[in-house]
file query17.txt (compact mmCIF, C-alpha atoms)
# COMPACT_ATOMS: atom_id res chain seq x y z
CA MET F 1 0.00 0.00 0.00
CA PRO F 2 1.57 3.36 -0.99
CA ARG F 3 2.58 5.67 1.83
CA ARG F 4 1.14 9.12 2.13
CA PRO F 5 3.70 11.93 1.83
CA GLY F 6 4.88 12.69 5.33
CA HIS F 7 3.95 9.24 6.70
CA SER F 8 6.80 7.11 8.04
CA PRO F 9 5.70 4.61 10.68
CA GLY F 10 9.28 3.71 11.64
CA VAL F 11 10.18 7.19 12.90
CA GLN F 12 8.87 8.67 16.15
CA ARG F 13 8.46 12.42 15.74
CA GLU F 14 9.60 14.52 18.68
CA PRO F 15 6.80 16.24 20.62
CA VAL F 16 5.65 19.74 19.72
CA THR F 17 6.81 21.82 22.68
CA ALA F 18 6.56 25.54 23.46
CA ALA F 19 10.19 25.53 24.65
CA PRO F 20 13.18 24.31 22.62
CA PRO F 21 14.04 20.62 23.07
CA ARG F 22 17.76 21.10 22.42
CA SER F 23 20.51 23.67 22.79
CA ALA F 24 21.78 25.82 19.94
CA ARG F 25 25.11 26.52 21.60
CA PRO F 26 27.66 27.48 20.51
CA ALA F 27 25.60 29.86 18.43
CA LEU F 28 26.53 30.55 14.84
CA LEU F 29 24.25 33.59 14.95
CA ARG F 30 22.38 35.57 17.63
CA GLN F 31 19.47 37.89 16.86
CA ASP F 32 16.38 39.57 18.28
CA TRP F 33 13.15 38.93 16.35
CA ARG F 34 10.57 41.71 16.73
CA ASP F 35 7.03 42.52 15.50
CA VAL F 36 6.45 39.10 13.98
CA ALA F 37 3.44 38.31 11.75
CA PHE F 38 2.54 34.65 11.19
CA LEU F 39 0.21 33.89 8.26
CA HIS F 40 -0.55 30.25 7.40
CA TRP F 41 -2.40 28.33 4.72
CA VAL F 42 -3.24 24.64 4.51
CA ILE F 43 -1.54 22.82 1.64
CA ARG F 44 -1.62 19.20 0.54
CA PRO F 45 1.35 17.05 1.68
CA GLU F 46 1.92 15.90 -1.91
CA VAL F 47 2.42 19.55 -2.93
CA ALA F 48 4.95 20.18 -0.15
CA ALA F 49 6.93 16.94 -0.46
CA PRO F 50 8.82 17.70 -3.75
CA LEU F 51 9.93 21.08 -2.35
CA LEU F 52 11.68 19.60 0.69
CA PRO F 53 15.33 18.50 0.85
CA PRO F 54 16.27 14.81 0.75
CA GLY F 55 15.88 12.99 4.06
CA THR F 56 12.89 15.09 5.13
CA ARG F 57 9.16 14.87 4.57
CA PRO F 58 6.17 17.12 5.29
CA ASP F 59 5.34 17.37 8.96
CA LEU F 60 1.63 16.74 9.47
CA LEU F 61 -0.97 17.88 11.96
CA ASP F 62 -4.18 15.84 11.68
CA GLY F 63 -3.15 14.85 8.16
CA ARG F 64 -2.54 18.45 7.06
CA THR F 65 0.58 20.47 6.44
CA PHE F 66 1.00 24.21 6.04
CA ALA F 67 2.74 26.99 4.16
CA GLY F 68 3.74 30.02 6.19
CA LEU F 69 4.46 33.63 5.32
CA ILE F 70 6.38 35.21 8.20
CA ALA F 71 7.29 38.92 8.32
CA LEU F 72 9.35 40.56 11.06
CA ARG F 73 12.13 42.90 12.09
CA MET F 74 15.59 41.49 12.79
CA ALA F 75 17.64 43.40 15.37
CA HIS F 76 21.05 43.15 17.02
CA THR F 77 22.42 40.45 14.72
CA ALA F 78 25.67 39.09 16.15
CA PRO F 79 27.55 36.49 14.08
CA LEU F 80 30.05 33.94 15.40
CA GLY F 81 29.96 35.05 19.02
CA GLY F 82 30.90 38.64 18.18
CA PRO F 83 29.17 41.86 19.23
CA PRO F 84 25.87 42.94 17.62
CA LEU F 85 26.21 44.79 14.33
CA PRO F 86 24.69 48.24 14.99
CA TRP F 87 23.20 49.16 11.58
CA LEU F 88 23.93 46.23 9.34
CA GLY F 89 22.37 43.79 11.80
CA SER F 90 18.91 45.38 11.97
CA PHE F 91 16.49 45.08 9.05
CA GLY F 92 13.08 43.86 7.93
CA GLN F 93 12.68 40.33 6.63
CA ALA F 94 9.99 38.05 5.23
CA ASN F 95 10.13 34.35 4.51
CA VAL F 96 7.99 31.65 2.93
CA ARG F 97 8.41 28.33 4.67
CA LEU F 98 7.19 24.75 4.88
CA TYR F 99 7.15 22.34 7.82
CA SER F 100 9.44 19.32 7.84
CA VAL F 101 10.49 16.31 9.88
CA ASP F 102 13.65 14.30 9.30
CA GLU F 103 14.71 10.68 9.68
CA ASP F 104 15.60 11.30 13.33
CA GLY F 105 12.16 12.70 14.10
CA ARG F 106 13.40 16.29 14.45
CA ARG F 107 10.82 18.87 13.40
CA GLY F 108 11.89 21.98 11.55
CA VAL F 109 11.17 24.44 8.79
CA VAL F 110 12.36 24.60 5.20
CA PHE F 111 12.67 28.05 3.67
CA LEU F 112 11.45 28.42 0.09
CA SER F 113 12.38 32.10 0.03
CA LEU F 114 13.82 34.76 2.32
CA ASP F 115 13.83 38.50 1.65
CA ALA F 116 16.10 40.78 3.67
CA GLY F 117 16.25 44.56 3.80
CA ARG F 118 20.07 44.66 3.84
CA LEU F 119 22.18 43.65 0.87
CA LEU F 120 25.24 42.26 2.67
CA PRO F 121 23.33 39.86 4.98
CA ALA F 122 21.32 38.65 1.98
CA LEU F 123 24.48 38.02 -0.09
CA THR F 124 26.29 36.35 2.83
CA ALA F 125 23.40 33.97 3.53
CA ARG F 126 22.98 33.25 -0.18
CA THR F 127 26.60 32.05 -0.41
CA ALA F 128 25.61 29.43 2.20
CA GLY F 129 22.87 28.22 -0.13
CA LEU F 130 19.90 29.85 1.58
CA PRO F 131 17.35 31.31 -0.88
CA TYR F 132 17.84 34.95 0.13
CA SER F 133 16.93 37.99 -1.98
CA TRP F 134 17.56 41.67 -1.39
CA ALA F 135 14.37 43.64 -0.91
CA GLN F 136 12.92 46.83 0.45
CA VAL F 137 11.21 45.70 3.65
CA HIS F 138 9.41 48.16 5.92
CA VAL F 139 7.79 47.25 9.25
CA ARG F 140 5.68 49.83 11.10
CA HIS F 141 4.03 49.20 14.47
CA VAL F 142 1.83 51.95 15.93
CA GLY F 143 -0.71 51.21 18.65
CA ASP F 144 -2.65 48.09 17.76
CA ARG F 145 -1.71 48.17 14.08
CA CYS F 146 1.35 46.60 12.50
CA SER F 147 2.04 46.82 8.78
CA TYR F 148 4.62 45.21 6.52
CA HIS F 149 5.57 46.24 3.02
CA LEU F 150 8.05 44.41 0.79
CA ASP F 151 9.29 44.92 -2.76
CA ARG F 152 12.00 42.57 -4.01
CA ARG F 153 14.80 44.44 -5.77
CA THR F 154 15.85 41.48 -7.93
CA GLY F 155 12.89 39.95 -9.73
CA ARG F 156 9.25 40.77 -9.21
CA ALA F 157 7.76 39.85 -5.84
CA HIS F 158 5.89 41.91 -3.30
CA ALA F 159 3.91 41.78 -0.08
CA SER F 160 1.63 44.24 1.69
CA ILE F 161 0.19 43.14 5.05
CA ASP F 162 -1.75 45.12 7.65
CA LEU F 163 -2.67 43.58 11.00
CA ARG F 164 -4.83 44.72 13.89
CA VAL F 165 -3.25 43.19 16.97
CA GLY F 166 -5.56 41.66 19.57
CA PRO F 167 -5.06 40.29 23.08
CA ARG F 168 -2.43 37.85 24.12
CA GLN F 169 -3.56 34.23 24.01
CA GLU F 170 -2.33 30.72 24.64
CA PRO F 171 -1.75 28.85 21.36
CA ASP F 172 -4.10 26.11 20.24
CA PRO F 173 -2.59 22.94 18.68
CA LEU F 174 -2.38 24.44 15.18
CA GLU F 175 -0.82 27.69 16.43
CA LEU F 176 1.74 25.80 18.50
CA PHE F 177 2.54 23.49 15.57
CA VAL F 178 3.43 26.36 13.22
CA THR F 179 5.26 28.60 15.72
CA ALA F 180 7.12 26.16 18.02
CA ARG F 181 9.80 25.29 15.46
CA TRP F 182 13.21 24.64 16.89
CA GLY F 183 15.33 24.02 13.84
CA MET F 184 15.85 24.40 10.11
CA HIS F 185 16.44 21.75 7.46
CA HIS F 186 18.64 22.89 4.61
CA ARG F 187 20.20 21.25 1.58
CA VAL F 188 23.96 21.77 1.09
CA PRO F 189 25.80 20.30 -1.92
CA THR F 190 26.34 16.80 -0.52
CA ARG F 191 23.66 16.33 2.15
CA THR F 192 20.77 17.76 4.15
CA VAL F 193 21.75 19.49 7.39
CA TYR F 194 19.84 20.59 10.47
CA ALA F 195 20.49 23.79 12.43
CA ALA F 196 18.95 24.10 15.90
CA VAL F 197 17.14 27.27 17.01
CA GLU F 198 16.81 28.30 20.65
CA HIS F 199 14.79 31.10 22.26
CA ARG F 200 12.17 31.59 24.94
CA PRO F 201 8.57 30.61 24.10
CA TRP F 202 6.74 32.95 21.75
CA PRO F 203 4.35 35.47 23.33
CA LEU F 204 1.44 35.19 20.88
CA HIS F 205 -1.47 37.52 20.17
CA ALA F 206 -4.63 37.09 18.16
CA ALA F 207 -4.55 39.27 15.05
CA GLU F 208 -7.04 40.44 12.45
CA LEU F 209 -5.83 40.59 8.86
CA VAL F 210 -7.07 44.02 7.76
CA HIS F 211 -5.36 43.94 4.36
CA TRP F 212 -3.05 41.62 2.49
CA ASP F 213 -1.73 41.42 -1.04
CA THR F 214 1.25 39.26 -1.97
CA ASP F 215 2.67 36.99 -4.63
CA LEU F 216 5.55 35.71 -2.47
CA LEU F 217 4.03 32.24 -2.09
CA ALA F 218 3.38 31.85 -5.82
CA VAL F 219 6.89 33.04 -6.70
CA ALA F 220 8.34 30.60 -4.13
CA GLY F 221 6.71 27.63 -5.87
CA LEU F 222 3.22 27.55 -4.33
CA PRO F 223 0.94 28.99 -7.04
CA GLU F 224 -2.03 26.96 -5.81
CA VAL F 225 -2.18 28.80 -2.45
CA SER F 226 -5.07 31.25 -2.56
CA GLY F 227 -7.70 32.79 -0.36
CA PRO F 228 -7.28 34.10 3.17
CA PRO F 229 -4.97 32.27 5.59
CA VAL F 230 -6.41 29.81 8.09
CA SER F 231 -4.30 31.26 10.90
CA VAL F 232 -3.12 34.83 11.59
CA LEU F 233 -0.99 35.58 14.65
CA PHE F 234 1.22 38.38 15.92
CA SER F 235 4.09 38.34 18.38
CA PRO F 236 5.96 41.33 19.81
CA GLY F 237 8.95 39.05 19.46
CA VAL F 238 11.72 37.28 21.31
CA ASP F 239 15.22 38.47 22.16
CA GLY F 240 18.40 36.47 22.37
CA VAL F 241 17.57 34.00 19.60
CA ARG F 242 20.40 31.54 19.00
CA ILE F 243 20.91 29.68 15.72
CA GLY F 244 23.32 26.80 15.96
CA PRO F 245 25.78 25.48 13.37
CA PRO F 246 24.59 22.94 10.78
CA ALA F 247 24.73 19.38 12.05
call {"tool": "encode", "arguments": {"input": "query17.txt", "output": "structure tokens"}}
result
Amino acid sequence: MPRRPGHSPGVQREPVTAAPPRSARPALLRQDWRDVAFLHWVIRPEVAAPLLPPGTRPDLLDGRTFAGLIALRMAHTAPLGGPPLPWLGSFGQANVRLYSVDEDGRRGVVFLSLDAGRLLPALTARTAGLPYSWAQVHVRHVGDRCSYHLDRRTGRAHASIDLRVGPRQEPDPLELFVTARWGMHHRVPTRTVYAAVEHRPWPLHAAELVHWDTDLLAVAGLPEVSGPPVSVLFSPGVDGVRIGPPA
């Protein structure tokens, strides 16, 4: 009997936990992540599977997997244990991501695209094989409204998102599944690697999507995603994020 994409009875997936299950020390990179918007759509596992690196499969919640569009401000980026970069290390970013699990049961994300508002960080990350592009990315948070605007400088891709931020809430199973992600799967020339991520649990708020217009998901390889997202969340962010070296 053929297996469903994402189904592997021989592997026990690690639990979904609000706190990281492993350390990301020594950190390859430290950052603060601020004013974070989480938008998610349901997609079919057979759509996600070909877009994931070898050795991983779609991670499923009740038989479903998801595509995420995440927009935020990066601040105080500090590479390789050094001090934070004052100007170069703070910028807007957006990413399109899928949800993965590997042969060891580790859950993570796979980035289909990343757009950064600084050229040098985008070029540096691109040399490591990450799908970064240089873009104009503006994040504005005033009162209970937070807006994000992105125009990619190389190629045509854009995003315009306006949220009304609501009260803080405890995440339900779907919201925990798409936010409590403690690693990244990434394809390098000879293998798939995993980099751990460590930070305190997300403070999450309900959010109303007042306006959105984007082609980032279609450009990233998900043209079938349409309609409003099934989940919209906001977080004021987390400081002291640690990203570990590829393992």
call {"tool": "residues_around", "arguments": {"input": "query17.txt", "residues": "F:Arg64", "least_positions_apart": "3", "cutoff": "8 Å", "atoms": "all atoms listed in the file", "output": "list in words"}}
result
Val42, Ile43, Arg44, Pro45, Leu60 and Leu61 of chain F
call {"tool": "write_last_selection", "arguments": {"input": "query17.txt", "atoms": "C-alpha atoms", "output": "CSV table (one decimal), keeping the file's coordinate frame"}}
result
chain,number,residue,atom,x,y,z
F,42,VAL,CA,-3.2,24.6,4.5
F,43,ILE,CA,-1.5,22.8,1.6
F,44,ARG,CA,-1.6,19.2,0.5
F,45,PRO,CA,1.4,17.0,1.7
F,60,LEU,CA,1.6,16.7,9.5
F,61,LEU,CA,-1.0,17.9,12.0
call {"tool": "closest_atom_pairs", "arguments": {"input": "query17.txt", "of": "stretch 192-241 of chain F", "to": "stretch 66-75 of chain F", "cutoff": "10 Å", "atoms": "all atoms listed in the file", "output": "tab-separated table"}}
result
residue	atom	partner	partner_atom	distance
F:Thr214	CA	F:Leu69	CA	9.8
F:Leu216	CA	F:Leu69	CA	8.1
F:Leu217	CA	F:Leu69	CA	7.6
F:Leu222	CA	F:Ala67	CA	8.5
F:Val225	CA	F:Ala67	CA	8.4
F:Pro229	CA	F:Gly68	CA	9.0
F:Val230	CA	F:Phe66	CA	9.5
F:Ser231	CA	F:Gly68	CA	9.4
F:Val232	CA	F:Leu69	CA	9.9
F:Leu233	CA	F:Ile70	CA	9.8
F:Phe234	CA	F:Leu72	CA	9.7
F:Ser235	CA	F:Leu72	CA	9.3
F:Pro236	CA	F:Leu72	CA	9.4
F:Gly237	CA	F:Leu72	CA	8.5
F:Asp239	CA	F:Ala75	CA	8.7
F:Gly240	CA	F:Ala75	CA	9.9
call {"tool": "residues_around", "arguments": {"input": "query17.txt", "residues": "stretch 78-87 of chain F", "least_positions_apart": "5", "cutoff": "8 Å", "atoms": "only C-alpha atoms", "output": "ChimeraX atom specification"}}
result
/F:27-31
call {"tool": "closest_residue", "arguments": {"input": "query17.txt", "among": "F:His138, F:Ala125, F:Trp41, F:Ala48", "to": "F:Ser226", "atoms": "only C-alpha atoms"}}
result
F:Trp41
call {"tool": "atom_distance", "arguments": {"input": "query17.txt", "atom1": "atom CA of F:Asp215", "atom2": "atom CA of F:Gly227"}}
result
12.0 Å
call {"tool": "closest_residue", "arguments": {"input": "query17.txt", "among": "F:Thr127, F:Thr192, F:Ser147, F:Thr56", "to": "F:Ser100", "atoms": "all atoms listed in the file"}}
result
F:Thr56
call {"tool": "closest_residue", "arguments": {"input": "query17.txt", "among": "F:Arg168, F:His40, F:Arg145, F:His186", "to": "F:Glu208", "atoms": "all atoms listed in the file"}}
result
F:Arg145
call {"tool": "closest_residue", "arguments": {"input": "query17.txt", "among": "F:Leu209, F:Arg13, F:Leu150, F:Ala19", "to": "F:Leu176", "atoms": "only C-alpha atoms"}}
result
F:Ala19
call {"tool": "residues_near_point", "arguments": {"input": "query17.txt", "point": "(19.8, 31.3, -2.1)", "cutoff": "12 Å", "atoms": "all atoms listed in the file", "output": "ChimeraX atom specification"}}
result
/F:111-116,121-134,186-188,220
call {"tool": "closest_residue", "arguments": {"input": "query17.txt", "among": "F:Glu46, F:Asp172, F:Asp144, F:Asp213", "to": "F:Ser160", "atoms": "all atoms listed in the file"}}
result
F:Asp213
